[in-house]
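Undergrad: Here you go, this is query15.cif (mmCIF, C-alpha atoms).
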```cif
data_input
loop_
_atom_site.label_atom_id
_atom_site.label_comp_id
_atom_site.auth_asym_id
_atom_site.auth_seq_id
_atom_site.Cartn_x
_atom_site.Cartn_y
_atom_site.Cartn_z
CA GLU C 9 96.85 104.23 133.15
CA LYS C 10 93.11 104.06 133.97
CA GLY C 11 92.83 100.47 132.79
CA ALA C 12 90.95 101.23 129.57
CA PRO C 13 92.08 99.25 126.50
CA VAL C 14 94.13 101.18 123.92
CA LYS C 15 93.23 100.51 120.28
CA ASN C 16 95.69 100.88 117.36
CA ALA C 17 98.82 100.71 119.50
CA GLU C 18 101.75 99.13 117.68
CA VAL C 19 103.77 96.55 119.60
CA ARG C 20 107.04 95.37 118.04
CA ASP C 21 110.15 93.51 119.01
CA ASN C 22 113.52 95.21 118.65
CA TYR C 23 115.69 92.18 117.97
CA SER C 24 114.38 89.32 115.92
CA GLY C 25 116.58 89.34 112.84
CA SER C 26 120.22 89.26 111.77
CA THR C 27 120.54 93.06 112.00
CA PHE C 28 120.51 94.95 115.29
CA LEU C 29 117.14 96.60 116.03
CA LEU C 30 115.45 94.90 113.10
CA ALA C 31 111.74 94.89 113.97
CA THR C 32 110.53 91.91 111.96
CA ARG C 33 107.63 91.04 114.27
CA HIS C 34 104.93 93.56 115.15
CA ALA C 35 101.24 93.67 115.94
CA VAL C 36 98.53 96.33 116.24
CA THR C 37 96.06 96.17 119.12
CA GLY C 38 92.34 95.76 118.50
CA GLU C 39 89.30 97.12 120.34
CA ASP C 40 90.24 95.16 123.47
CA GLY C 41 93.84 96.43 123.44
CA ARG C 42 95.21 92.92 123.03
CA TYR C 43 98.23 91.90 120.93
CA GLN C 44 100.14 88.73 120.17
CA LEU C 45 103.64 88.09 118.81
CA GLY C 46 105.04 84.63 118.25
CA TRP C 47 107.77 82.22 117.17
CA TYR C 48 110.36 82.94 119.87
CA SER C 49 112.83 80.58 121.50
CA LYS C 50 111.55 79.00 124.71
CA ALA C 51 115.05 78.92 126.20
CA LYS C 52 116.18 82.55 125.81
CA PRO C 53 114.95 85.78 127.43
CA LEU C 54 112.88 87.92 125.07
CA TRP C 55 115.28 90.79 124.36
CA SER C 56 113.27 93.99 123.93
CA PHE C 57 109.73 95.06 123.07
CA GLN C 58 108.33 98.51 122.37
CA VAL C 59 104.81 99.94 122.10
CA GLU C 60 103.83 103.22 120.41
CA HIS C 61 100.59 105.16 120.06
CA LYS C 62 100.10 108.73 118.85
CA ASP C 63 98.30 109.80 122.04
CA PHE C 64 100.67 108.24 124.57
CA ALA C 65 104.32 108.06 125.52
CA GLU C 66 106.42 105.34 123.96
CA LEU C 67 107.06 102.44 126.34
CA SER C 68 109.49 99.52 126.20
CA VAL C 69 110.47 96.47 128.23
CA SER C 70 113.64 94.37 128.08
CA ALA C 71 114.67 90.80 128.92
CA LEU C 72 111.28 89.21 129.51
CA PRO C 73 111.89 85.71 130.91
CA PRO C 74 110.81 82.74 128.79
CA PRO C 75 107.80 80.72 129.98
CA THR C 76 108.45 78.28 132.82
CA GLU C 77 105.45 76.22 131.73
CA GLY C 78 103.61 75.99 128.44
CA ASP C 79 104.47 78.30 125.57
CA LEU C 80 102.89 81.66 126.49
CA VAL C 81 104.40 84.78 128.06
CA THR C 82 101.96 87.48 129.12
CA HIS C 83 103.04 91.11 129.45
CA ASP C 84 100.68 94.07 129.79
CA PHE C 85 101.71 97.63 128.90
CA PHE C 86 100.23 100.57 130.83
CA LEU C 87 100.40 103.73 128.73
CA ASP C 88 100.19 107.33 129.91
CA LYS C 89 101.01 110.78 128.56
CA GLY C 90 104.58 110.44 129.78
CA SER C 91 106.97 113.14 130.98
CA GLU C 92 108.24 116.38 129.45
CA ILE C 93 111.27 118.62 129.04
CA ALA C 94 110.94 122.33 128.23
CA GLY C 95 113.21 125.31 127.74
CA VAL C 96 114.41 128.08 125.47
CA VAL C 97 117.14 128.39 122.84
CA LYS C 98 118.95 131.71 122.37
CA ASP C 99 122.21 132.93 120.85
CA THR C 100 125.08 134.50 122.78
CA GLU C 101 123.42 137.93 122.47
CA GLY C 102 120.24 136.66 124.08
CA LYS C 103 118.18 136.62 120.87
CA PRO C 104 115.81 133.68 120.39
CA VAL C 105 116.75 131.01 117.85
CA LYS C 106 113.74 129.85 115.82
CA GLY C 107 113.57 126.43 114.20
CA ALA C 108 116.26 124.76 116.28
CA SER C 109 115.97 120.97 116.54
CA ILE C 110 116.04 119.62 120.09
CA ARG C 111 116.24 115.91 120.89
CA TYR C 112 116.10 113.80 124.02
CA GLY C 113 118.36 110.82 123.45
CA SER C 114 121.36 109.61 121.51
CA SER C 115 121.80 109.58 117.75
CA TRP C 116 122.93 105.95 118.05
CA SER C 117 119.47 104.60 118.91
CA LEU C 118 115.92 105.66 118.11
CA VAL C 119 114.57 103.71 121.09
CA GLY C 120 113.12 106.21 123.54
CA MET C 121 114.11 109.25 121.47
CA ARG C 122 111.79 112.28 121.39
CA TRP C 123 112.31 115.66 119.74
CA ALA C 124 110.79 119.10 119.10
CA ASN C 125 111.54 122.41 117.33
CA SER C 126 111.87 125.84 118.88
CA ASP C 127 109.26 128.50 118.07
CA ALA C 128 109.67 132.19 117.22
CA ASP C 129 110.51 132.93 120.86
CA GLY C 130 113.07 130.13 120.98
CA ALA C 131 110.83 128.10 123.31
CA PHE C 132 110.42 124.34 123.01
CA ARG C 133 108.69 121.48 124.78
CA ILE C 134 109.42 117.78 124.28
CA THR C 135 106.36 115.74 125.27
CA LYS C 136 105.28 112.11 125.61
CA ILE C 137 108.64 110.89 126.92
CA GLY C 138 108.29 107.35 128.22
CA ARG C 139 111.68 107.23 129.94
CA LYS C 140 112.75 108.56 133.32
CA GLU C 141 116.56 108.46 133.12
CA SER C 142 118.72 111.53 132.63
CA ARG C 143 119.86 111.87 129.02
CA GLU C 144 121.61 114.45 126.88
CA ILE C 145 119.30 117.10 125.42
CA VAL C 146 121.00 118.06 122.14
CA VAL C 147 120.24 121.27 120.23
CA GLU C 148 121.13 121.77 116.57
CA ALA C 149 120.46 124.90 114.51
CA LYS C 150 121.80 126.10 111.16
CA GLY C 151 124.71 128.46 111.64
CA TYR C 152 125.36 127.39 115.24
CA ALA C 153 127.54 124.74 116.83
CA PRO C 154 125.65 121.85 118.49
CA ALA C 155 125.00 122.26 122.22
CA TRP C 156 123.81 119.90 124.93
CA LEU C 157 122.66 119.69 128.54
CA SER C 158 121.78 116.65 130.65
CA ALA C 159 118.35 116.38 132.25
CA ALA C 160 115.75 113.86 133.36
CA PRO C 161 112.15 114.44 132.17
CA GLY C 162 109.43 115.24 134.67
CA LYS C 163 105.74 115.99 135.12
CA GLY C 164 103.97 119.12 136.33
CA ASP C 165 106.24 121.23 138.50
CA GLN C 166 109.06 118.72 137.97
CA VAL C 167 109.42 119.45 134.25
CA PRO C 168 113.00 120.76 133.77
CA GLN C 169 113.35 124.22 132.21
CA LEU C 170 116.55 124.33 130.17
CA ALA C 171 118.26 127.42 128.78
CA PHE C 172 120.59 126.99 125.79
CA SER C 173 123.02 129.65 124.57
CA LEU C 174 124.27 128.74 121.10
CA THR C 175 127.64 129.87 119.79
CA PRO C 176 128.26 130.48 116.07
CA GLY C 177 129.33 127.39 114.18
CA LEU C 178 132.27 127.18 111.80
CA LYS C 179 132.11 126.61 108.04
CA VAL C 180 134.59 124.11 106.63
CA LYS C 181 135.47 123.61 102.97
CA GLY C 182 137.07 120.34 102.00
CA ARG C 183 137.82 117.75 99.33
CA VAL C 184 137.61 113.98 99.03
CA VAL C 185 140.55 112.46 97.13
CA ASP C 186 142.09 109.07 96.46
CA ALA C 187 145.59 107.94 97.45
CA LYS C 188 147.04 109.77 94.42
CA GLY C 189 145.27 113.03 95.24
CA ARG C 190 142.64 112.73 92.51
CA PRO C 191 139.06 113.90 93.30
CA VAL C 192 136.54 111.22 94.24
CA THR C 193 132.81 111.58 93.56
CA GLY C 194 129.76 109.71 94.88
CA VAL C 195 130.79 110.13 98.53
CA THR C 196 128.49 111.14 101.40
CA LEU C 197 129.71 112.67 104.66
CA SER C 198 128.03 112.50 108.08
CA THR C 199 129.40 114.88 110.70
CA ARG C 200 129.87 114.22 114.41
CA ALA C 201 130.30 116.27 117.57
CA MET C 202 131.38 115.38 121.10
CA ILE C 203 128.28 115.05 123.30
CA ASN C 204 129.11 114.35 126.94
CA GLY C 205 132.36 112.66 125.96
CA ARG C 206 130.82 110.59 123.14
CA SER C 207 131.10 111.17 119.42
CA GLU C 208 127.54 111.49 118.08
CA TYR C 209 126.08 112.34 114.71
CA CYS C 210 124.98 115.95 114.36
CA GLY C 211 123.88 117.88 111.30
CA PRO C 212 122.64 116.77 107.86
CA ARG C 213 124.43 114.42 105.51
CA VAL C 214 126.50 116.22 102.87
CA GLY C 215 127.49 115.09 99.37
CA VAL C 216 130.46 116.06 97.20
CA ASN C 217 130.44 117.66 93.74
CA GLU C 218 132.19 116.40 90.60
CA GLN C 219 135.48 117.82 91.88
CA GLY C 220 135.12 115.97 95.18
CA GLU C 221 134.48 119.26 97.00
CA PHE C 222 132.10 119.77 99.92
CA VAL C 223 131.12 122.34 102.55
CA LEU C 224 130.33 121.55 106.18
CA GLU C 225 128.41 124.16 108.18
CA SER C 226 127.59 124.62 111.86
CA GLN C 227 130.72 122.82 113.05
CA PRO C 228 131.97 122.98 116.67
CA ALA C 229 135.37 124.51 117.40
CA THR C 230 136.56 121.25 119.02
CA GLY C 231 135.61 117.57 118.85
CA ALA C 232 134.58 117.65 115.18
CA ALA C 233 134.71 114.37 113.23
CA LEU C 234 133.07 112.79 110.22
CA ASP C 235 132.25 109.54 108.44
CA ALA C 236 132.73 109.23 104.67
CA TYR C 237 131.11 106.45 102.68
CA GLY C 238 129.75 105.60 99.26
CA GLY C 239 129.84 103.11 96.43
CA GLY C 240 133.33 102.20 95.32
CA VAL C 241 135.14 103.54 98.40
CA SER C 242 136.30 102.08 101.70
CA ALA C 243 134.29 103.74 104.47
CA VAL C 244 136.10 106.21 106.74
CA ARG C 245 134.84 106.21 110.34
CA ASN C 246 135.19 108.90 113.00
CA PHE C 247 137.78 110.93 111.08
CA LYS C 248 138.76 113.77 113.42
CA PHE C 249 139.55 117.17 111.89
CA ASP C 250 140.33 120.79 112.82
CA PRO C 251 137.52 123.06 111.52
CA THR C 252 139.91 126.02 111.33
CA LYS C 253 142.12 124.32 108.72
CA PRO C 254 141.58 123.12 105.13
CA LEU C 255 140.13 119.62 105.15
CA VAL C 256 141.24 116.77 102.88
CA VAL C 257 139.68 113.31 103.30
CA THR C 258 141.60 110.52 101.59
CA VAL C 259 139.63 107.39 100.72
CA ASP C 260 140.72 104.03 99.37
CA ARG C 261 138.95 101.41 97.32
CA PRO C 262 136.76 98.99 99.31
CA GLY C 263 138.51 96.23 101.21
CA VAL C 264 137.94 92.52 100.70
CA ILE C 265 139.11 89.24 102.16
CA ARG C 266 139.81 86.84 99.30
CA GLY C 267 140.79 83.24 99.94
CA ARG C 268 140.84 79.63 98.85
CA VAL C 269 139.85 76.64 101.02
CA VAL C 270 141.56 73.29 100.51
CA ASP C 271 141.94 69.91 102.23
CA ALA C 272 145.09 69.99 104.38
CA VAL C 273 146.14 66.47 103.31
CA THR C 274 145.20 66.19 99.64
CA GLY C 275 145.36 69.87 98.68
CA GLU C 276 142.06 69.43 96.82
CA PRO C 277 139.62 72.35 96.97
CA ILE C 278 136.70 72.18 99.39
CA GLN C 279 133.73 73.31 97.34
CA ARG C 280 131.10 74.03 100.03
CA PHE C 281 131.83 75.91 103.27
CA THR C 282 130.88 78.91 105.40
CA ALA C 283 133.10 81.97 105.96
CA ARG C 284 132.33 83.95 109.11
CA LEU C 285 133.79 87.15 110.56
CA ASP C 286 134.22 88.51 114.07
CA HIS C 287 136.15 91.36 115.64
CA SER C 288 139.84 90.63 116.16
CA LYS C 289 141.04 90.45 119.77
CA ALA C 290 144.45 91.87 118.85
CA LYS C 291 145.27 95.48 119.65
CA ARG C 292 144.91 97.73 116.61
CA GLU C 293 148.04 99.21 115.13
CA ALA C 294 148.55 102.99 115.12
CA GLY C 295 146.32 104.54 112.49
CA GLU C 296 144.49 101.28 111.77
CA PRO C 297 140.72 101.78 111.30
CA SER C 298 138.21 99.75 113.26
CA ALA C 299 136.38 96.98 111.43
CA SER C 300 132.81 97.41 110.25
CA TYR C 301 130.76 94.77 108.43
CA SER C 302 127.25 93.43 107.99
CA ALA C 303 125.86 91.66 111.05
CA HIS C 304 124.99 88.49 109.10
CA LEU C 305 128.70 87.83 108.55
CA SER C 306 129.21 87.31 112.29
CA LEU C 307 125.94 85.51 112.98
CA ARG C 308 125.24 82.99 110.22
CA GLY C 309 128.27 83.79 108.02
CA GLN C 310 128.58 83.77 104.25
CA ALA C 311 127.69 80.50 102.51
CA CYS C 312 130.27 79.78 99.82
CA GLN C 313 130.26 77.32 96.91
CA ALA C 314 132.99 77.25 94.26
CA ALA C 315 134.70 74.52 92.26
CA ASP C 316 138.14 75.93 93.08
CA GLY C 317 137.34 76.50 96.77
CA GLY C 318 137.56 80.26 96.33
CA PHE C 319 135.65 82.93 98.22
CA VAL C 320 135.58 86.69 98.62
CA ILE C 321 134.01 88.77 101.41
CA GLU C 322 133.36 92.26 100.08
CA ASP C 323 132.52 95.80 101.30
CA LEU C 324 135.01 95.81 104.18
CA ILE C 325 137.10 98.70 105.48
CA THR C 326 140.57 98.59 103.96
CA ARG C 327 143.39 97.92 106.46
CA ALA C 328 140.94 96.88 109.22
CA SER C 329 141.64 93.61 111.08
CA HIS C 330 139.07 90.82 111.29
CA ALA C 331 138.89 87.41 112.90
CA LEU C 332 138.12 84.88 110.17
CA PHE C 333 136.44 81.48 110.66
CA ILE C 334 135.99 78.78 108.00
CA GLU C 335 133.57 75.90 108.61
CA ALA C 336 132.92 72.91 106.35
CA GLU C 337 131.13 69.61 106.89
CA GLY C 338 133.55 66.88 107.94
CA TYR C 339 136.33 69.31 108.85
CA ALA C 340 137.54 70.95 112.04
CA LEU C 341 136.93 74.68 112.43
CA TRP C 342 139.71 76.84 110.93
CA GLN C 343 140.28 80.26 112.44
CA ARG C 344 142.72 83.14 112.39
CA ASP C 345 142.43 86.15 114.72
CA VAL C 346 144.00 88.77 112.45
CA VAL C 347 143.15 88.97 108.76
CA LYS C 348 143.38 92.50 107.35
CA ALA C 349 141.02 93.55 104.60
CA ALA C 350 142.81 94.86 101.52
CA ARG C 351 141.96 95.88 97.98
CA ALA C 352 140.83 93.08 95.67
CA ASP C 353 143.99 93.44 93.55
CA ASP C 354 146.34 93.17 96.55
CA LYS C 355 149.17 90.70 95.97
CA ALA C 356 148.50 89.08 99.37
CA TRP C 357 145.38 87.38 97.97
CA PRO C 358 144.24 84.69 97.87
CA LEU C 359 144.65 83.56 101.47
CA GLU C 360 144.95 79.76 101.44
CA THR C 361 143.20 78.03 104.32
CA LYS C 362 143.94 74.35 104.90
CA LEU C 363 141.23 72.44 106.75
CA GLU C 364 141.97 69.37 108.83
CA ARG C 365 139.55 66.45 108.86
CA GLY C 366 137.28 66.53 111.92
CA VAL C 367 136.13 63.78 114.26
CA ALA C 368 132.45 62.89 114.02
CA SER C 369 130.25 62.73 117.13
CA ALA C 370 126.58 61.98 117.62
CA VAL C 371 124.38 64.50 119.44
CA GLN C 372 120.69 64.09 120.18
CA VAL C 373 118.60 67.29 120.10
CA VAL C 374 115.41 67.17 122.09
#
```
Kindly present the structure from the file in structure tokens form.

TA:
Amino acid sequence: EKGAPVKNAEVRDNYSGSTFLLATRHAVTGEDGRYQLGWYSKAKPLWSFQVEHKDFAELSVSALPPPTEGDLVTHDFFLDKGSEIAGVVKDTEGKPVKGASIRYGSSWSLVGMRWANSDADGAFRITKIGRKESREIVVEAKGYAPAWLSAAPGKGDQVPQLAFSLTPGLKVKGRVVDAKGRPVTGVTLSTRAMINGRSEYCGPRVGVNEQGEFVLESQPATGAALDAYGGGVSAVRNFKFDPTKPLVVTVDRPGVIRGRVVDAVTGEPIQRFTARLDHSKAKREAGEPSASYSAHLSLRGQACQAADGGFVIEDLITRASHALFIEAEGYALWQRDVVKAARADDKAWPLETKLERGVASAVQVV
């Protein structure tokens, strides 16, 4: 903030790959504080950039416009110590809670997040916050239900002083079973709590034993939910449960979309094509899970090559609906808005897709 160059600051982009927030380009500043990142599209805004340094607040910028002339965009970052949030964490009897974890920001994104732990007096201070907007300040402590308050960080006399009163959390014993009630191993559970009307991750990840049994601690009385995932199972997302009752989580085998691509006229298999997914626009049926899949399947798709025209898209959530697109050279795009993932041995597979011959057109790219 005084105009002096900052050495060893890391500047990185937050969207330059097929996966959201994949920082594939980064640079570290030298003695003169300068950095350079390259190989971006000249036609699109530069989505998001972030700079970090151990002595300063994190800073970010979004949607930088592309260059109007030449091929260089210049953006300077001005770092300072940032803003702060302070307060105290106590239980319902007014006793301080030591070792509580306090965070500024959502569990869904690490961008702009800052955190601290409470001391023996229950006091905490979150420093070097580079953001100014009001966010949820979430407190987690073993044996207590998560708690939150909203506040905007400040400086000097404007630093908010928050007082948390934690209520005892509930302990929940449960089991993970398959559709026939048999125990399932190799499953991990992530718990959620309602934070300002949103379901956010709170608490550590928990595994199951050989009998599929698990114990969840520090659960809230209301708004509790969990995700269950692991090798060989179809992921369960945002499964809501009552912490006062025995908990049974039923998982299925992973879902797939299995198909065969053929020429609509000759019936001959098309041996090279791309299968791509998107979210279905149709309203989900009661009890139907929401779709979840790797980002590359919606961006560049899955390249397929098989003598019989067959393909399989794996690791999908069973019973979830997807929009499916098939593209092949010389053929018109084939698409269907609702294709439900099912187990690989489902009798509905393979899905036969018949591609119509396309009309060629010449396009000049300059």

Undergrad: Could you please give me, as a list in words, the residues of protein, DNA or RNA lying at most 6 Å from (137.6, 84.5, 107.0) in the coordinate frame of the file, considering all atoms listed in the file?

TA: Ala283, Arg284, Leu285, Leu332 and Phe333 of chain C

Undergrad: Rounded to one decimal, what separation in Å do you get between atom CA of C:Pro228 and atom CA of C:Val184?

TA: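 Atom CA of C:Val184 lies at a distance of 20.6 Å from atom CA of C:Pro228.
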
Undergrad: Might you spell out which residues the PyMOL selection byres ((chain C and resi 342-344) around 8) would select in the displayed file, as a PyMOL selection string?

TA: chain C and resi 331-335+340-341+345-347+361-363

Undergrad: Give me the result of the PyMOL selection byres ((chain C and resi 65) around 9) on this file, residue by residue, as a ChimeraX atom specification.

TA: /C:59-64,66-67,87-91,135-139

Undergrad: Need to verify the contact set: C:Glu360, 7 Å, all atoms listed in the file, exclusion of same-chain residues closer than 4 positions in sequence. Can you return it as a PyMOL selection string?

TA: chain C and resi 267-269

Undergrad: Measure the distance from atom CA of C:Glu337 to atom CA of C:Gly366 in Å and round it to one decimal.

TA: 8.5 Å

Undergrad: I want to know what sits within 10 Å of stretch 214-218 of chain C, based on all atoms listed in the file, with residues of the same chain fewer than 2 positions away left out; could you give that as a PDB file with C-alpha atoms, in the coordinates of the input?

TA:
```
ATOM      1  CA  GLY C 182     137.070 120.340 102.000  1.00  0.00           C
ATOM      2  CA  ARG C 183     137.820 117.750  99.330  1.00  0.00           C
ATOM      3  CA  VAL C 184     137.610 113.980  99.030  1.00  0.00           C
ATOM      4  CA  PRO C 191     139.060 113.900  93.300  1.00  0.00           C
ATOM      5  CA  VAL C 192     136.540 111.220  94.240  1.00  0.00           C
ATOM      6  CA  THR C 193     132.810 111.580  93.560  1.00  0.00           C
ATOM      7  CA  GLY C 194     129.760 109.710  94.880  1.00  0.00           C
ATOM      8  CA  VAL C 195     130.790 110.130  98.530  1.00  0.00           C
ATOM      9  CA  THR C 196     128.490 111.140 101.400  1.00  0.00           C
ATOM     10  CA  LEU C 197     129.710 112.670 104.660  1.00  0.00           C
ATOM     11  CA  SER C 198     128.030 112.500 108.080  1.00  0.00           C
ATOM     12  CA  THR C 199     129.400 114.880 110.700  1.00  0.00           C
ATOM     13  CA  GLY C 211     123.880 117.880 111.300  1.00  0.00           C
ATOM     14  CA  PRO C 212     122.640 116.770 107.860  1.00  0.00           C
ATOM     15  CA  GLY C 220     135.120 115.970  95.180  1.00  0.00           C
ATOM     16  CA  GLU C 221     134.480 119.260  97.000  1.00  0.00           C
ATOM     17  CA  PHE C 222     132.100 119.770  99.920  1.00  0.00           C
ATOM     18  CA  VAL C 223     131.120 122.340 102.550  1.00  0.00           C
ATOM     19  CA  LEU C 224     130.330 121.550 106.180  1.00  0.00           C
ATOM     20  CA  GLU C 225     128.410 124.160 108.180  1.00  0.00           C
ATOM     21  CA  ALA C 236     132.730 109.230 104.670  1.00  0.00           C
ATOM     22  CA  TYR C 237     131.110 106.450 102.680  1.00  0.00           C
ATOM     23  CA  GLY C 238     129.750 105.600  99.260  1.00  0.00           C
TER      24      GLY C 238
END
```

Undergrad: If the PyMOL selection byres ((chain C and resi 279) around 7) were run on this exact file, what residues would it hold? Put them as a list of chain:residue names.

TA: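 Matching residues under the PyMOL selection byres ((chain C and resi 279) around 7) are C:Pro277, C:Ile278, C:Arg280, C:Phe281, C:Gln313, C:Ala314, C:Ala315, C:Asp316, C:Gly317.
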
Undergrad: If we count only C-alpha atoms and set the cut-off at 8 Å, which residues sit around C:Leu174, ignoring sequence neighbours fewer than 4 positions away in its own chain? Please answer as a ChimeraX atom specification.

TA: /C:97-100,152-155

Undergrad: Once you count only C-alpha atoms, which residues end up no further than 7 Å from (138.3, 101.6, 111.0) in the file's frame, shown as a PyMOL selection string?

TA: chain C and resi 244-245+296-300+325+328

Undergrad: Need the shell around C:Ala233: protein/DNA/RNA residues with any atom at most 12 Å away, counting all atoms listed in the file. Skip same-chain ones fewer than 3 positions apart. Format as a VMD selection string?

TA: chain C and resid 180 197 to 203 206 to 211 224 227 to 230 236 244 to 251 255 257

Undergrad: Choose the residue, out of C:Ser173, C:Gln44, C:Gln166, C:Ser142, that has the smallest atom-to-atom separation from C:Ala108; count only C-alpha atoms.

TA: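 Checking each candidate against C:Ala108, we get C:Ser173 as the closest.
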
Undergrad: Mind giving me the straight-line distance from atom CA of C:Gly263 to atom CA of C:Arg308 in Å, one decimal?

TA: 20.8 Å

Undergrad: Using all atoms listed in the file, pick whichever of C:Lys150, C:Arg42, C:Lys253, C:Arg190 has the shortest atom-to-atom distance to C:Gly107.

TA: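 Checking each of C:Lys150, C:Arg42, C:Lys253, C:Arg190 against C:Gly107, counting all atoms listed in the file, the winner is C:Lys150.
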
Undergrad: With N, CA, C and O atoms as the target, complete stretch 131-146 of chain C and hand it back as an mmCIF file, in the frame of the given file.

TA:
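Resulting contents of out_31.cif:
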```cif
data_model
loop_
_atom_site.group_PDB
_atom_site.id
_atom_site.type_symbol
_atom_site.label_atom_id
_atom_site.label_comp_id
_atom_site.auth_asym_id
_atom_site.auth_seq_id
_atom_site.Cartn_x
_atom_site.Cartn_y
_atom_site.Cartn_z
ATOM 1 N N ALA C 131 111.341 129.048 122.313
ATOM 2 C CA ALA C 131 110.830 128.100 123.310
ATOM 3 C C ALA C 131 110.567 126.735 122.672
ATOM 4 O O ALA C 131 110.227 126.633 121.490
ATOM 5 N N PHE C 132 110.700 125.692 123.477
ATOM 6 C CA PHE C 132 110.420 124.340 123.010
ATOM 7 C C PHE C 132 109.871 123.518 124.163
ATOM 8 O O PHE C 132 110.059 123.830 125.336
ATOM 9 N N ARG C 133 109.202 122.439 123.799
ATOM 10 C CA ARG C 133 108.690 121.480 124.780
ATOM 11 C C ARG C 133 108.684 120.095 124.134
ATOM 12 O O ARG C 133 108.052 119.895 123.102
ATOM 13 N N ILE C 134 109.398 119.168 124.754
ATOM 14 C CA ILE C 134 109.420 117.780 124.280
ATOM 15 C C ILE C 134 108.442 116.994 125.143
ATOM 16 O O ILE C 134 108.596 116.926 126.362
ATOM 17 N N THR C 135 107.435 116.409 124.528
ATOM 18 C CA THR C 135 106.360 115.740 125.270
ATOM 19 C C THR C 135 106.353 114.236 125.006
ATOM 20 O O THR C 135 107.089 113.725 124.162
ATOM 21 N N LYS C 136 105.524 113.546 125.764
ATOM 22 C CA LYS C 136 105.280 112.110 125.610
ATOM 23 C C LYS C 136 106.582 111.303 125.693
ATOM 24 O O LYS C 136 106.833 110.399 124.889
ATOM 25 N N ILE C 137 107.407 111.640 126.667
ATOM 26 C CA ILE C 137 108.640 110.890 126.920
ATOM 27 C C ILE C 137 108.315 109.733 127.849
ATOM 28 O O ILE C 137 107.804 109.940 128.953
ATOM 29 N N GLY C 138 108.621 108.529 127.415
ATOM 30 C CA GLY C 138 108.290 107.350 128.220
ATOM 31 C C GLY C 138 109.405 106.902 129.143
ATOM 32 O O GLY C 138 109.257 105.916 129.854
ATOM 33 N N ARG C 139 110.530 107.608 129.114
ATOM 34 C CA ARG C 139 111.680 107.230 129.940
ATOM 35 C C ARG C 139 111.834 108.194 131.099
ATOM 36 O O ARG C 139 111.384 109.332 131.045
ATOM 37 N N LYS C 140 112.545 107.732 132.138
ATOM 38 C CA LYS C 140 112.750 108.560 133.320
ATOM 39 C C LYS C 140 114.207 108.931 133.530
ATOM 40 O O LYS C 140 114.510 109.829 134.309
ATOM 41 N N GLU C 141 115.147 108.234 132.857
ATOM 42 C CA GLU C 141 116.560 108.460 133.120
ATOM 43 C C GLU C 141 117.036 109.793 132.532
ATOM 44 O O GLU C 141 116.473 110.308 131.569
ATOM 45 N N SER C 142 118.091 110.311 133.133
ATOM 46 C CA SER C 142 118.720 111.530 132.630
ATOM 47 C C SER C 142 119.438 111.205 131.318
ATOM 48 O O SER C 142 120.164 110.219 131.213
ATOM 49 N N ARG C 143 119.212 112.022 130.318
ATOM 50 C CA ARG C 143 119.860 111.870 129.020
ATOM 51 C C ARG C 143 120.355 113.234 128.544
ATOM 52 O O ARG C 143 120.033 114.269 129.114
ATOM 53 N N GLU C 144 121.136 113.197 127.456
ATOM 54 C CA GLU C 144 121.610 114.450 126.880
ATOM 55 C C GLU C 144 120.503 115.059 126.008
ATOM 56 O O GLU C 144 119.912 114.365 125.175
ATOM 57 N N ILE C 145 120.240 116.338 126.245
ATOM 58 C CA ILE C 145 119.300 117.100 125.420
ATOM 59 C C ILE C 145 120.167 117.881 124.431
ATOM 60 O O ILE C 145 120.890 118.796 124.816
ATOM 61 N N VAL C 146 120.102 117.508 123.160
ATOM 62 C CA VAL C 146 121.000 118.060 122.140
ATOM 63 C C VAL C 146 120.240 119.041 121.264
ATOM 64 O O VAL C 146 119.143 118.748 120.785
#
```
